[in-house]
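**Student:** Here it is, the structure in full.
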Amino acid sequence: MSVMRHLPPLAAVRVFEAAARHENFTQAAAELGMTQAAVSYQIRLLEERLGLPLFVRSKRRVTLSEPGRKVAPLVSAAFDEISEAFESVTQEDDGVLTISTPQTLASNWLAPRLGTFQIERPELAVRLQTSNAYVDFARDAADVAIRIGVGPWPGLCQHFLMRLPGTPMCSPDFKAQHGIESPRDLLRVQRLTADDPLWSEWMRVAGLSEPDGETRRGIRLDSQVAEGNAALAGQGVALLTPLFWKAELASGRLVRLFDAVAYERSPIWLVYPEHKRARPKIRAFRAWLERAVASEAAVGPAEDFTLPED
């Protein structure tokens, strides 16, 4: 059976609790970020509702009345219990940081670096959720997300991280076997996920078009991780982001075919709900992530870490 509670205005009760602790309206106003006049108004509102004086007022000070002394410790205890109830929830939640991020960025860039964040914040358990779909913060259990796009996203704080250009890459054996020398040569070889719109954009930048307006058929993969691994295996040319394949490029297992022609992918952002902006775990992760991006920017190229102007 539900119980109908006859509560006085909770805003006024909150003011009374602070004023009763201090027995001083000025100090209560400072604690609550209010004016002294606003504190006096809320106290009078509560007294009128009860039909009892809660304070005895003199020229220079206020003191609790007998009814005020009776109710003040009960109200303070109730506020303590409310505070403890919410703290028990937030403390449990503050021990876990859940990050949503696209699959390739997670496996080829973020995951190998997260260990340094874990060392900085050993009290946090870090969970990495990989998905190319946008996380719904209202429904999904994610604290922050690394998102590719242009925004804006209402209700979310967003911080620019970097841009991710894409350029054709393949294994050195595939390049030699097919005699790839110019962008036009890609019209006659196997391109991985050739019907991806990003290939059309790259070809536009390169000044090319599909023969007879048709897209070449071939292997279709659902992530850059899969495309890169297929390229490593000599299965074709993939449109990849150099930042994600540094080790493979450095070792010569992948080769970048045309340095001067790269498709400009959308910017990458760190996003999280505005109401979570002050959470310590989110502030800590943002600071760490910005340092990690700054380390990449120091290596360059600089334009990949500059937000383009509209």
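The way I read the labels, and the way they are meant: chains A, B, ... in the order of the structure tokens, residue 1 as the first residue of every chain, and ligand 1 as the first ligand shown, with later ones counted on from there.
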Check the DSSP output for the backbone and give back, as an mmCIF file with N, CA, C and O atoms, in the first residue's frame, the residues of region 17-187 of chain A in helix (DSSP H, G or I).
**Tutor:**
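part30.cif was written with the following content:
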data_model
loop_
_atom_site.group_PDB
_atom_site.id
_atom_site.type_symbol
_atom_site.label_atom_id
_atom_site.label_comp_id
_atom_site.auth_asym_id
_atom_site.auth_seq_id
_atom_site.Cartn_x
_atom_site.Cartn_y
_atom_site.Cartn_z
ATOM 1 N N GLU A 17 17.951 23.175 7.396
ATOM 2 C CA GLU A 17 18.986 22.291 7.925
ATOM 3 C C GLU A 17 20.323 23.019 8.016
ATOM 4 O O GLU A 17 21.040 22.916 9.022
ATOM 5 N N ALA A 18 20.682 23.779 6.964
ATOM 6 C CA ALA A 18 21.938 24.524 6.981
ATOM 7 C C ALA A 18 21.895 25.646 8.015
ATOM 8 O O ALA A 18 22.855 25.861 8.769
ATOM 9 N N ALA A 19 20.778 26.361 8.067
ATOM 10 C CA ALA A 19 20.659 27.468 9.017
ATOM 11 C C ALA A 19 20.674 26.957 10.455
ATOM 12 O O ALA A 19 21.237 27.596 11.363
ATOM 13 N N ALA A 20 20.098 25.797 10.683
ATOM 14 C CA ALA A 20 20.072 25.235 12.031
ATOM 15 C C ALA A 20 21.470 24.798 12.458
ATOM 16 O O ALA A 20 21.849 24.966 13.621
ATOM 17 N N ARG A 21 22.244 24.222 11.560
ATOM 18 C CA ARG A 21 23.609 23.823 11.900
ATOM 19 C C ARG A 21 24.469 25.013 12.278
ATOM 20 O O ARG A 21 25.265 24.968 13.219
ATOM 21 N N HIS A 22 24.311 26.100 11.525
ATOM 22 C CA HIS A 22 25.145 27.281 11.765
ATOM 23 C C HIS A 22 24.528 28.225 12.796
ATOM 24 O O HIS A 22 25.253 29.030 13.406
ATOM 25 N N PHE A 25 22.068 32.834 9.511
ATOM 26 C CA PHE A 25 21.522 32.871 8.156
ATOM 27 C C PHE A 25 22.602 33.244 7.135
ATOM 28 O O PHE A 25 22.594 32.763 6.006
ATOM 29 N N THR A 26 23.525 34.102 7.520
ATOM 30 C CA THR A 26 24.574 34.530 6.592
ATOM 31 C C THR A 26 25.472 33.355 6.214
ATOM 32 O O THR A 26 25.804 33.145 5.037
ATOM 33 N N GLN A 27 25.883 32.566 7.208
ATOM 34 C CA GLN A 27 26.742 31.409 6.918
ATOM 35 C C GLN A 27 25.993 30.352 6.121
ATOM 36 O O GLN A 27 26.566 29.701 5.247
ATOM 37 N N ALA A 28 24.713 30.168 6.419
ATOM 38 C CA ALA A 28 23.910 29.217 5.646
ATOM 39 C C ALA A 28 23.802 29.665 4.190
ATOM 40 O O ALA A 28 23.889 28.856 3.259
ATOM 41 N N ALA A 29 23.626 30.972 3.974
ATOM 42 C CA ALA A 29 23.532 31.507 2.620
ATOM 43 C C ALA A 29 24.826 31.256 1.851
ATOM 44 O O ALA A 29 24.812 30.871 0.677
ATOM 45 N N ALA A 30 25.970 31.460 2.516
ATOM 46 C CA ALA A 30 27.265 31.231 1.862
ATOM 47 C C ALA A 30 27.436 29.761 1.492
ATOM 48 O O ALA A 30 27.936 29.425 0.415
ATOM 49 N N GLU A 31 27.025 28.848 2.362
ATOM 50 C CA GLU A 31 27.153 27.410 2.092
ATOM 51 C C GLU A 31 26.294 26.989 0.902
ATOM 52 O O GLU A 31 26.718 26.177 0.066
ATOM 53 N N LEU A 32 25.110 27.555 0.823
ATOM 54 C CA LEU A 32 24.157 27.139 -0.199
ATOM 55 C C LEU A 32 24.246 27.963 -1.485
ATOM 56 O O LEU A 32 23.554 27.654 -2.456
ATOM 57 N N GLN A 36 21.302 36.124 1.760
ATOM 58 C CA GLN A 36 20.717 36.022 3.099
ATOM 59 C C GLN A 36 19.203 36.245 3.032
ATOM 60 O O GLN A 36 18.445 35.612 3.767
ATOM 61 N N ALA A 37 18.786 37.126 2.145
ATOM 62 C CA ALA A 37 17.351 37.395 2.006
ATOM 63 C C ALA A 37 16.609 36.148 1.526
ATOM 64 O O ALA A 37 15.490 35.865 1.966
ATOM 65 N N ALA A 38 17.243 35.389 0.626
ATOM 66 C CA ALA A 38 16.613 34.164 0.127
ATOM 67 C C ALA A 38 16.511 33.125 1.235
ATOM 68 O O ALA A 38 15.506 32.397 1.330
ATOM 69 N N VAL A 39 17.523 33.034 2.077
ATOM 70 C CA VAL A 39 17.473 32.117 3.210
ATOM 71 C C VAL A 39 16.328 32.515 4.151
ATOM 72 O O VAL A 39 15.528 31.671 4.585
ATOM 73 N N SER A 40 16.243 33.790 4.472
ATOM 74 C CA SER A 40 15.170 34.263 5.360
ATOM 75 C C SER A 40 13.797 33.956 4.772
ATOM 76 O O SER A 40 12.878 33.539 5.496
ATOM 77 N N TYR A 41 13.665 34.140 3.465
ATOM 78 C CA TYR A 41 12.380 33.876 2.800
ATOM 79 C C TYR A 41 12.000 32.407 2.920
ATOM 80 O O TYR A 41 10.846 32.063 3.237
ATOM 81 N N GLN A 42 12.957 31.492 2.676
ATOM 82 C CA GLN A 42 12.666 30.064 2.736
ATOM 83 C C GLN A 42 12.319 29.637 4.163
ATOM 84 O O GLN A 42 11.418 28.805 4.369
ATOM 85 N N ILE A 43 12.993 30.203 5.152
ATOM 86 C CA ILE A 43 12.674 29.877 6.540
ATOM 87 C C ILE A 43 11.267 30.339 6.899
ATOM 88 O O ILE A 43 10.488 29.604 7.524
ATOM 89 N N ARG A 44 10.913 31.567 6.502
ATOM 90 C CA ARG A 44 9.561 32.077 6.785
ATOM 91 C C ARG A 44 8.510 31.228 6.071
ATOM 92 O O ARG A 44 7.430 30.959 6.620
ATOM 93 N N LEU A 45 8.824 30.783 4.845
ATOM 94 C CA LEU A 45 7.895 29.929 4.097
ATOM 95 C C LEU A 45 7.640 28.628 4.864
ATOM 96 O O LEU A 45 6.489 28.179 4.993
ATOM 97 N N LEU A 46 8.698 28.080 5.433
ATOM 98 C CA LEU A 46 8.568 26.832 6.185
ATOM 99 C C LEU A 46 7.805 27.059 7.494
ATOM 100 O O LEU A 46 6.948 26.251 7.887
ATOM 101 N N GLU A 47 8.094 28.156 8.155
ATOM 102 C CA GLU A 47 7.408 28.466 9.417
ATOM 103 C C GLU A 47 5.912 28.694 9.177
ATOM 104 O O GLU A 47 5.072 28.243 9.966
ATOM 105 N N GLU A 48 5.582 29.364 8.084
ATOM 106 C CA GLU A 48 4.167 29.591 7.770
ATOM 107 C C GLU A 48 3.465 28.274 7.472
ATOM 108 O O GLU A 48 2.304 28.073 7.831
ATOM 109 N N ARG A 49 4.182 27.377 6.796
ATOM 110 C CA ARG A 49 3.603 26.070 6.473
ATOM 111 C C ARG A 49 3.341 25.272 7.759
ATOM 112 O O ARG A 49 2.305 24.616 7.902
ATOM 113 N N LEU A 50 4.264 25.356 8.736
ATOM 114 C CA LEU A 50 4.122 24.607 9.989
ATOM 115 C C LEU A 50 3.242 25.311 11.013
ATOM 116 O O LEU A 50 2.677 24.676 11.909
ATOM 117 N N GLU A 66 12.350 26.339 20.489
ATOM 118 C CA GLU A 66 12.169 24.989 21.043
ATOM 119 C C GLU A 66 11.730 24.000 19.965
ATOM 120 O O GLU A 66 12.288 22.902 19.871
ATOM 121 N N PRO A 67 10.711 24.344 19.129
ATOM 122 C CA PRO A 67 10.367 23.411 18.042
ATOM 123 C C PRO A 67 11.544 23.210 17.066
ATOM 124 O O PRO A 67 11.762 22.099 16.571
ATOM 125 N N GLY A 68 12.293 24.294 16.835
ATOM 126 C CA GLY A 68 13.439 24.178 15.934
ATOM 127 C C GLY A 68 14.495 23.227 16.472
ATOM 128 O O GLY A 68 15.063 22.417 15.728
ATOM 129 N N ARG A 69 14.770 23.306 17.813
ATOM 130 C CA ARG A 69 15.761 22.413 18.419
ATOM 131 C C ARG A 69 15.293 20.954 18.384
ATOM 132 O O ARG A 69 16.098 20.030 18.283
ATOM 133 N N LYS A 70 13.997 20.765 18.444
ATOM 134 C CA LYS A 70 13.462 19.405 18.424
ATOM 135 C C LYS A 70 13.595 18.765 17.036
ATOM 136 O O LYS A 70 13.959 17.588 16.911
ATOM 137 N N VAL A 71 13.327 19.549 16.005
ATOM 138 C CA VAL A 71 13.284 18.970 14.668
ATOM 139 C C VAL A 71 14.650 18.982 13.961
ATOM 140 O O VAL A 71 14.916 18.152 13.088
ATOM 141 N N ALA A 72 15.545 19.914 14.344
ATOM 142 C CA ALA A 72 16.809 20.082 13.623
ATOM 143 C C ALA A 72 17.642 18.798 13.556
ATOM 144 O O ALA A 72 18.101 18.409 12.471
ATOM 145 N N PRO A 73 17.884 18.080 14.679
ATOM 146 C CA PRO A 73 18.702 16.858 14.577
ATOM 147 C C PRO A 73 18.046 15.762 13.752
ATOM 148 O O PRO A 73 18.729 14.984 13.079
ATOM 149 N N LEU A 74 16.720 15.715 13.762
ATOM 150 C CA LEU A 74 16.022 14.712 12.951
ATOM 151 C C LEU A 74 16.185 15.007 11.463
ATOM 152 O O LEU A 74 16.383 14.099 10.651
ATOM 153 N N VAL A 75 16.083 16.298 11.120
ATOM 154 C CA VAL A 75 16.244 16.689 9.712
ATOM 155 C C VAL A 75 17.678 16.433 9.255
ATOM 156 O O VAL A 75 17.918 15.910 8.165
ATOM 157 N N SER A 76 18.661 16.768 10.105
ATOM 158 C CA SER A 76 20.070 16.530 9.745
ATOM 159 C C SER A 76 20.339 15.050 9.539
ATOM 160 O O SER A 76 21.030 14.648 8.595
ATOM 161 N N ALA A 77 19.777 14.212 10.412
ATOM 162 C CA ALA A 77 19.961 12.764 10.279
ATOM 163 C C ALA A 77 19.336 12.261 8.981
ATOM 164 O O ALA A 77 19.899 11.390 8.293
ATOM 165 N N ALA A 78 18.164 12.815 8.632
ATOM 166 C CA ALA A 78 17.503 12.402 7.393
ATOM 167 C C ALA A 78 18.345 12.780 6.178
ATOM 168 O O ALA A 78 18.496 11.992 5.229
ATOM 169 N N PHE A 79 18.930 13.994 6.211
ATOM 170 C CA PHE A 79 19.793 14.405 5.101
ATOM 171 C C PHE A 79 21.040 13.531 5.029
ATOM 172 O O PHE A 79 21.531 13.220 3.930
ATOM 173 N N ASP A 80 21.579 13.130 6.176
ATOM 174 C CA ASP A 80 22.735 12.234 6.178
ATOM 175 C C ASP A 80 22.393 10.905 5.513
ATOM 176 O O ASP A 80 23.186 10.354 4.740
ATOM 177 N N GLU A 81 21.216 10.374 5.804
ATOM 178 C CA GLU A 81 20.811 9.105 5.215
ATOM 179 C C GLU A 81 20.612 9.234 3.714
ATOM 180 O O GLU A 81 20.982 8.339 2.950
ATOM 181 N N ILE A 82 20.017 10.357 3.286
ATOM 182 C CA ILE A 82 19.837 10.580 1.849
ATOM 183 C C ILE A 82 21.197 10.664 1.158
ATOM 184 O O ILE A 82 21.433 10.074 0.100
ATOM 185 N N SER A 83 22.121 11.411 1.776
ATOM 186 C CA SER A 83 23.462 11.549 1.201
ATOM 187 C C SER A 83 24.164 10.199 1.087
ATOM 188 O O SER A 83 24.758 9.866 0.061
ATOM 189 N N GLU A 84 24.064 9.382 2.148
ATOM 190 C CA GLU A 84 24.697 8.066 2.136
ATOM 191 C C GLU A 84 24.078 7.158 1.087
ATOM 192 O O GLU A 84 24.782 6.371 0.444
ATOM 193 N N ALA A 85 22.773 7.272 0.899
ATOM 194 C CA ALA A 85 22.102 6.441 -0.102
ATOM 195 C C ALA A 85 22.631 6.731 -1.503
ATOM 196 O O ALA A 85 22.941 5.814 -2.266
ATOM 197 N N PHE A 86 22.764 8.012 -1.831
ATOM 198 C CA PHE A 86 23.252 8.361 -3.164
ATOM 199 C C PHE A 86 24.749 8.104 -3.302
ATOM 200 O O PHE A 86 25.229 7.714 -4.363
ATOM 201 N N GLU A 87 25.503 8.308 -2.224
ATOM 202 C CA GLU A 87 26.935 8.040 -2.275
ATOM 203 C C GLU A 87 27.222 6.563 -2.505
ATOM 204 O O GLU A 87 28.167 6.198 -3.200
ATOM 205 N N SER A 88 26.383 5.696 -1.924
ATOM 206 C CA SER A 88 26.599 4.261 -2.111
ATOM 207 C C SER A 88 26.445 3.878 -3.578
ATOM 208 O O SER A 88 27.123 2.976 -4.069
ATOM 209 N N VAL A 89 25.543 4.583 -4.276
ATOM 210 C CA VAL A 89 25.353 4.309 -5.700
ATOM 211 C C VAL A 89 26.501 4.881 -6.518
ATOM 212 O O VAL A 89 27.088 4.206 -7.365
ATOM 213 N N THR A 90 26.856 6.135 -6.255
ATOM 214 C CA THR A 90 27.894 6.773 -7.059
ATOM 215 C C THR A 90 29.263 6.184 -6.802
ATOM 216 O O THR A 90 30.077 6.080 -7.717
ATOM 217 N N GLN A 91 29.538 5.749 -5.554
ATOM 218 C CA GLN A 91 30.832 5.149 -5.273
ATOM 219 C C GLN A 91 31.018 3.857 -6.038
ATOM 220 O O GLN A 91 32.094 3.563 -6.567
ATOM 221 N N GLU A 92 29.959 3.057 -6.134
ATOM 222 C CA GLU A 92 30.034 1.812 -6.903
ATOM 223 C C GLU A 92 30.248 2.120 -8.380
ATOM 224 O O GLU A 92 31.074 1.505 -9.050
ATOM 225 N N ASP A 93 29.523 3.112 -8.877
ATOM 226 C CA ASP A 93 29.645 3.473 -10.289
ATOM 227 C C ASP A 93 30.991 4.125 -10.584
ATOM 228 O O ASP A 93 31.560 3.928 -11.657
ATOM 229 N N GLN A 103 35.598 -0.168 -33.514
ATOM 230 C CA GLN A 103 36.399 -1.373 -33.360
ATOM 231 C C GLN A 103 37.874 -1.171 -33.700
ATOM 232 O O GLN A 103 38.760 -1.546 -32.936
ATOM 233 N N THR A 104 38.160 -0.571 -34.848
ATOM 234 C CA THR A 104 39.553 -0.446 -35.266
ATOM 235 C C THR A 104 40.323 0.488 -34.351
ATOM 236 O O THR A 104 41.470 0.216 -33.971
ATOM 237 N N LEU A 105 39.706 1.602 -33.974
ATOM 238 C CA LEU A 105 40.382 2.532 -33.071
ATOM 239 C C LEU A 105 40.674 1.854 -31.738
ATOM 240 O O LEU A 105 41.731 2.061 -31.138
ATOM 241 N N ALA A 106 39.739 1.006 -31.278
ATOM 242 C CA ALA A 106 39.940 0.308 -30.013
ATOM 243 C C ALA A 106 41.121 -0.651 -30.099
ATOM 244 O O ALA A 106 42.022 -0.632 -29.257
ATOM 245 N N SER A 107 41.136 -1.508 -31.115
ATOM 246 C CA SER A 107 42.145 -2.564 -31.164
ATOM 247 C C SER A 107 43.505 -2.071 -31.626
ATOM 248 O O SER A 107 44.540 -2.564 -31.167
ATOM 249 N N ASN A 108 43.542 -1.082 -32.526
ATOM 250 C CA ASN A 108 44.814 -0.665 -33.124
ATOM 251 C C ASN A 108 45.403 0.607 -32.527
ATOM 252 O O ASN A 108 46.524 0.972 -32.867
ATOM 253 N N TRP A 109 44.649 1.286 -31.652
ATOM 254 C CA TRP A 109 45.209 2.499 -31.065
ATOM 255 C C TRP A 109 44.945 2.604 -29.565
ATOM 256 O O TRP A 109 45.868 2.748 -28.771
ATOM 257 N N LEU A 110 43.686 2.505 -29.158
ATOM 258 C CA LEU A 110 43.361 2.774 -27.758
ATOM 259 C C LEU A 110 43.789 1.641 -26.825
ATOM 260 O O LEU A 110 44.433 1.885 -25.795
ATOM 261 N N ALA A 111 43.415 0.411 -27.152
ATOM 262 C CA ALA A 111 43.691 -0.705 -26.246
ATOM 263 C C ALA A 111 45.174 -0.849 -25.898
ATOM 264 O O ALA A 111 45.502 -1.062 -24.720
ATOM 265 N N PRO A 112 46.094 -0.717 -26.855
ATOM 266 C CA PRO A 112 47.503 -0.849 -26.485
ATOM 267 C C PRO A 112 48.016 0.241 -25.547
ATOM 268 O O PRO A 112 49.085 0.086 -24.949
ATOM 269 N N ARG A 113 47.280 1.336 -25.427
ATOM 270 C CA ARG A 113 47.710 2.454 -24.584
ATOM 271 C C ARG A 113 46.993 2.502 -23.240
ATOM 272 O O ARG A 113 47.422 3.221 -22.340
ATOM 273 N N LEU A 114 45.893 1.770 -23.110
ATOM 274 C CA LEU A 114 45.081 1.881 -21.902
ATOM 275 C C LEU A 114 45.810 1.426 -20.643
ATOM 276 O O LEU A 114 45.447 1.825 -19.538
ATOM 277 N N GLY A 115 46.826 0.612 -20.813
ATOM 278 C CA GLY A 115 47.574 0.164 -19.647
ATOM 279 C C GLY A 115 48.179 1.316 -18.864
ATOM 280 O O GLY A 115 48.249 1.272 -17.623
ATOM 281 N N THR A 116 48.610 2.365 -19.566
ATOM 282 C CA THR A 116 49.199 3.512 -18.860
ATOM 283 C C THR A 116 48.132 4.249 -18.051
ATOM 284 O O THR A 116 48.421 4.757 -16.961
ATOM 285 N N PHE A 117 46.915 4.298 -18.582
ATOM 286 C CA PHE A 117 45.828 4.915 -17.810
ATOM 287 C C PHE A 117 45.515 4.065 -16.579
ATOM 288 O O PHE A 117 45.274 4.595 -15.493
ATOM 289 N N GLN A 118 45.527 2.746 -16.741
ATOM 290 C CA GLN A 118 45.242 1.864 -15.617
ATOM 291 C C GLN A 118 46.299 2.007 -14.526
ATOM 292 O O GLN A 118 45.994 1.937 -13.338
ATOM 293 N N ILE A 119 47.547 2.231 -14.923
ATOM 294 C CA ILE A 119 48.614 2.446 -13.944
ATOM 295 C C ILE A 119 48.376 3.751 -13.181
ATOM 296 O O ILE A 119 48.578 3.829 -11.970
ATOM 297 N N GLU A 120 47.925 4.797 -13.905
ATOM 298 C CA GLU A 120 47.648 6.082 -13.261
ATOM 299 C C GLU A 120 46.473 5.991 -12.303
ATOM 300 O O GLU A 120 46.470 6.624 -11.250
ATOM 301 N N PRO A 172 53.611 -5.713 -49.714
ATOM 302 C CA PRO A 172 54.602 -5.453 -50.770
ATOM 303 C C PRO A 172 54.542 -6.507 -51.873
ATOM 304 O O PRO A 172 54.769 -6.184 -53.050
ATOM 305 N N ASP A 173 54.240 -7.754 -51.535
ATOM 306 C CA ASP A 173 54.150 -8.801 -52.560
ATOM 307 C C ASP A 173 52.988 -8.527 -53.509
ATOM 308 O O ASP A 173 53.118 -8.730 -54.725
ATOM 309 N N PHE A 174 51.838 -8.073 -52.944
ATOM 310 C CA PHE A 174 50.689 -7.773 -53.796
ATOM 311 C C PHE A 174 51.016 -6.617 -54.738
ATOM 312 O O PHE A 174 50.684 -6.658 -55.928
ATOM 313 N N LYS A 175 51.700 -5.615 -54.240
ATOM 314 C CA LYS A 175 52.073 -4.482 -55.078
ATOM 315 C C LYS A 175 52.985 -4.926 -56.221
ATOM 316 O O LYS A 175 52.776 -4.546 -57.387
ATOM 317 N N ALA A 176 53.985 -5.742 -55.908
ATOM 318 C CA ALA A 176 54.922 -6.196 -56.936
ATOM 319 C C ALA A 176 54.244 -7.131 -57.936
ATOM 320 O O ALA A 176 54.460 -7.031 -59.156
ATOM 321 N N GLN A 177 53.402 -8.028 -57.426
ATOM 322 C CA GLN A 177 52.742 -8.998 -58.291
ATOM 323 C C GLN A 177 51.849 -8.326 -59.323
ATOM 324 O O GLN A 177 51.771 -8.769 -60.475
ATOM 325 N N HIS A 178 51.190 -7.240 -58.922
ATOM 326 C CA HIS A 178 50.237 -6.582 -59.821
ATOM 327 C C HIS A 178 50.800 -5.318 -60.469
ATOM 328 O O HIS A 178 50.082 -4.631 -61.198
ATOM 329 N N PRO A 183 47.696 5.600 -59.193
ATOM 330 C CA PRO A 183 46.325 5.392 -58.724
ATOM 331 C C PRO A 183 45.431 4.677 -59.735
ATOM 332 O O PRO A 183 44.572 3.884 -59.349
ATOM 333 N N ARG A 184 45.667 4.910 -61.010
ATOM 334 C CA ARG A 184 44.831 4.273 -62.034
ATOM 335 C C ARG A 184 44.955 2.757 -62.003
ATOM 336 O O ARG A 184 44.008 2.046 -62.385
ATOM 337 N N ASP A 185 46.071 2.248 -61.534
ATOM 338 C CA ASP A 185 46.252 0.797 -61.480
ATOM 339 C C ASP A 185 45.265 0.129 -60.531
ATOM 340 O O ASP A 185 44.997 -1.077 -60.650
ATOM 341 N N LEU A 186 44.699 0.883 -59.610
ATOM 342 C CA LEU A 186 43.756 0.290 -58.671
ATOM 343 C C LEU A 186 42.428 -0.066 -59.324
ATOM 344 O O LEU A 186 41.628 -0.809 -58.754
ATOM 345 N N LEU A 187 42.198 0.442 -60.534
ATOM 346 C CA LEU A 187 40.969 0.109 -61.242
ATOM 347 C C LEU A 187 40.973 -1.329 -61.750
ATOM 348 O O LEU A 187 39.916 -1.875 -62.075
#
**Student:** Determine which residues of region 68-306 of chain A DSSP labels as strand (DSSP E) from the backbone of this structure, then write them out as a ChimeraX atom specification.
**Tutor:** /A:96-101,125-130,144-148,156-170,238-240,255-256,263-273
**Student:** Rounded to one decimal in Å, what is the spacing between CA of Ala142 (chain A) and CA of Ile99 (chain A)?
**Tutor:**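 Pair CA of Ala142 (chain A) / CA of Ile99 (chain A) returns 5.9 Å.
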**Student:** Set the distance at 7 Å and use only C-alpha atoms: which residues neighbour Phe55 (chain A) once local chain neighbours fewer than 3 positions away are removed? I'd like the list as a PDB file with N, CA, C and O atoms, in the first residue's frame.
**Tutor:**
ATOM      1  N   VAL A  62      20.288  34.917  15.264  1.00  0.00           N
ATOM      2  CA  VAL A  62      19.108  34.053  15.347  1.00  0.00           C
ATOM      3  C   VAL A  62      19.514  32.805  16.130  1.00  0.00           C
ATOM      4  O   VAL A  62      20.661  32.351  16.060  1.00  0.00           O
ATOM      5  N   THR A  63      18.584  32.266  16.882  1.00  0.00           N
ATOM      6  CA  THR A  63      18.808  31.014  17.605  1.00  0.00           C
ATOM      7  C   THR A  63      17.608  30.116  17.365  1.00  0.00           C
ATOM      8  O   THR A  63      16.504  30.583  17.057  1.00  0.00           O
ATOM      9  N   LEU A  64      17.826  28.830  17.492  1.00  0.00           N
ATOM     10  CA  LEU A  64      16.731  27.885  17.293  1.00  0.00           C
ATOM     11  C   LEU A  64      15.688  28.034  18.397  1.00  0.00           C
ATOM     12  O   LEU A  64      16.022  28.181  19.574  1.00  0.00           O
ATOM     13  N   SER A  65      14.430  27.993  18.008  1.00  0.00           N
ATOM     14  CA  SER A  65      13.340  27.961  18.982  1.00  0.00           C
ATOM     15  C   SER A  65      13.234  26.544  19.534  1.00  0.00           C
ATOM     16  O   SER A  65      13.941  25.624  19.090  1.00  0.00           O
ATOM     17  N   GLY A  68      12.293  24.294  16.835  1.00  0.00           N
ATOM     18  CA  GLY A  68      13.439  24.178  15.934  1.00  0.00           C
ATOM     19  C   GLY A  68      14.495  23.227  16.472  1.00  0.00           C
ATOM     20  O   GLY A  68      15.063  22.417  15.728  1.00  0.00           O
TER      21      GLY A  68
END
**Student:** May I ask for the distance between CA of Ser266 (chain A) and CA of Pro165 (chain A), given in Å to one decimal place?
**Tutor:**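 About the pair CA of Ser266 (chain A) and CA of Pro165 (chain A): they are 8.2 Å apart.
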**Student:** Just checking: using only C-alpha atoms, which residue out of A:Ala294, A:Gly51, A:Phe258, A:Pro280 ends up closest to Leu97 (chain A)?
**Tutor:**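 Counting only C-alpha atoms, the residue closest to Leu97 (chain A) is A:Pro280.
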**Student:** Skip region 191-201 of chain A itself and residues of its chain fewer than 4 positions away, then list as a PyMOL selection string all residues within 12 Å of it, counting only C-alpha atoms.
**Tutor:** chain A and resi 165-170+174+183+185-187+205-210+213-241+261-266
**Student:** Do a neighbour search on Val271 (chain A) at 9 Å with only C-alpha atoms, toss out local chain neighbours closer than 6 positions, and write the hits as a PDB file with N, CA, C and O atoms, in the first residue's frame.
**Tutor:**
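Final output, saved to result-v5.pdb:
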ATOM      1  N   VAL A 144      31.709   7.182 -21.385  1.00  0.00           N
ATOM      2  CA  VAL A 144      32.250   8.048 -22.422  1.00  0.00           C
ATOM      3  C   VAL A 144      32.275   7.262 -23.731  1.00  0.00           C
ATOM      4  O   VAL A 144      32.177   6.034 -23.740  1.00  0.00           O
ATOM      5  N   ALA A 145      32.406   7.998 -24.832  1.00  0.00           N
ATOM      6  CA  ALA A 145      32.528   7.348 -26.134  1.00  0.00           C
ATOM      7  C   ALA A 145      33.528   8.118 -26.986  1.00  0.00           C
ATOM      8  O   ALA A 145      33.677   9.343 -26.833  1.00  0.00           O
ATOM      9  N   ILE A 146      34.227   7.397 -27.825  1.00  0.00           N
ATOM     10  CA  ILE A 146      35.044   8.022 -28.862  1.00  0.00           C
ATOM     11  C   ILE A 146      34.268   7.850 -30.152  1.00  0.00           C
ATOM     12  O   ILE A 146      33.983   6.729 -30.571  1.00  0.00           O
ATOM     13  N   ARG A 147      33.888   8.957 -30.726  1.00  0.00           N
ATOM     14  CA  ARG A 147      32.898   8.964 -31.805  1.00  0.00           C
ATOM     15  C   ARG A 147      33.469   9.623 -33.053  1.00  0.00           C
ATOM     16  O   ARG A 147      34.128  10.662 -32.976  1.00  0.00           O
ATOM     17  N   TRP A 153      26.126  16.977 -31.140  1.00  0.00           N
ATOM     18  CA  TRP A 153      25.297  15.984 -30.468  1.00  0.00           C
ATOM     19  C   TRP A 153      24.694  16.633 -29.231  1.00  0.00           C
ATOM     20  O   TRP A 153      25.383  16.794 -28.215  1.00  0.00           O
ATOM     21  N   LEU A 156      25.520  16.399 -25.125  1.00  0.00           N
ATOM     22  CA  LEU A 156      26.825  15.780 -24.916  1.00  0.00           C
ATOM     23  C   LEU A 156      27.930  16.831 -24.938  1.00  0.00           C
ATOM     24  O   LEU A 156      27.908  17.749 -25.770  1.00  0.00           O
ATOM     25  N   CYS A 157      28.894  16.685 -24.040  1.00  0.00           N
ATOM     26  CA  CYS A 157      30.144  17.425 -24.148  1.00  0.00           C
ATOM     27  C   CYS A 157      30.985  16.749 -25.223  1.00  0.00           C
ATOM     28  O   CYS A 157      31.004  15.524 -25.315  1.00  0.00           O
ATOM     29  N   GLN A 158      31.666  17.516 -26.054  1.00  0.00           N
ATOM     30  CA  GLN A 158      32.485  16.913 -27.093  1.00  0.00           C
ATOM     31  C   GLN A 158      33.822  17.629 -27.187  1.00  0.00           C
ATOM     32  O   GLN A 158      33.894  18.853 -27.151  1.00  0.00           O
ATOM     33  N   HIS A 159      34.892  16.831 -27.303  1.00  0.00           N
ATOM     34  CA  HIS A 159      36.260  17.343 -27.351  1.00  0.00           C
ATOM     35  C   HIS A 159      36.963  16.735 -28.570  1.00  0.00           C
ATOM     36  O   HIS A 159      37.072  15.511 -28.674  1.00  0.00           O
ATOM     37  N   PHE A 160      37.431  17.593 -29.468  1.00  0.00           N
ATOM     38  CA  PHE A 160      38.110  17.119 -30.666  1.00  0.00           C
ATOM     39  C   PHE A 160      39.406  16.413 -30.306  1.00  0.00           C
ATOM     40  O   PHE A 160      40.179  16.890 -29.467  1.00  0.00           O
TER      41      PHE A 160
END
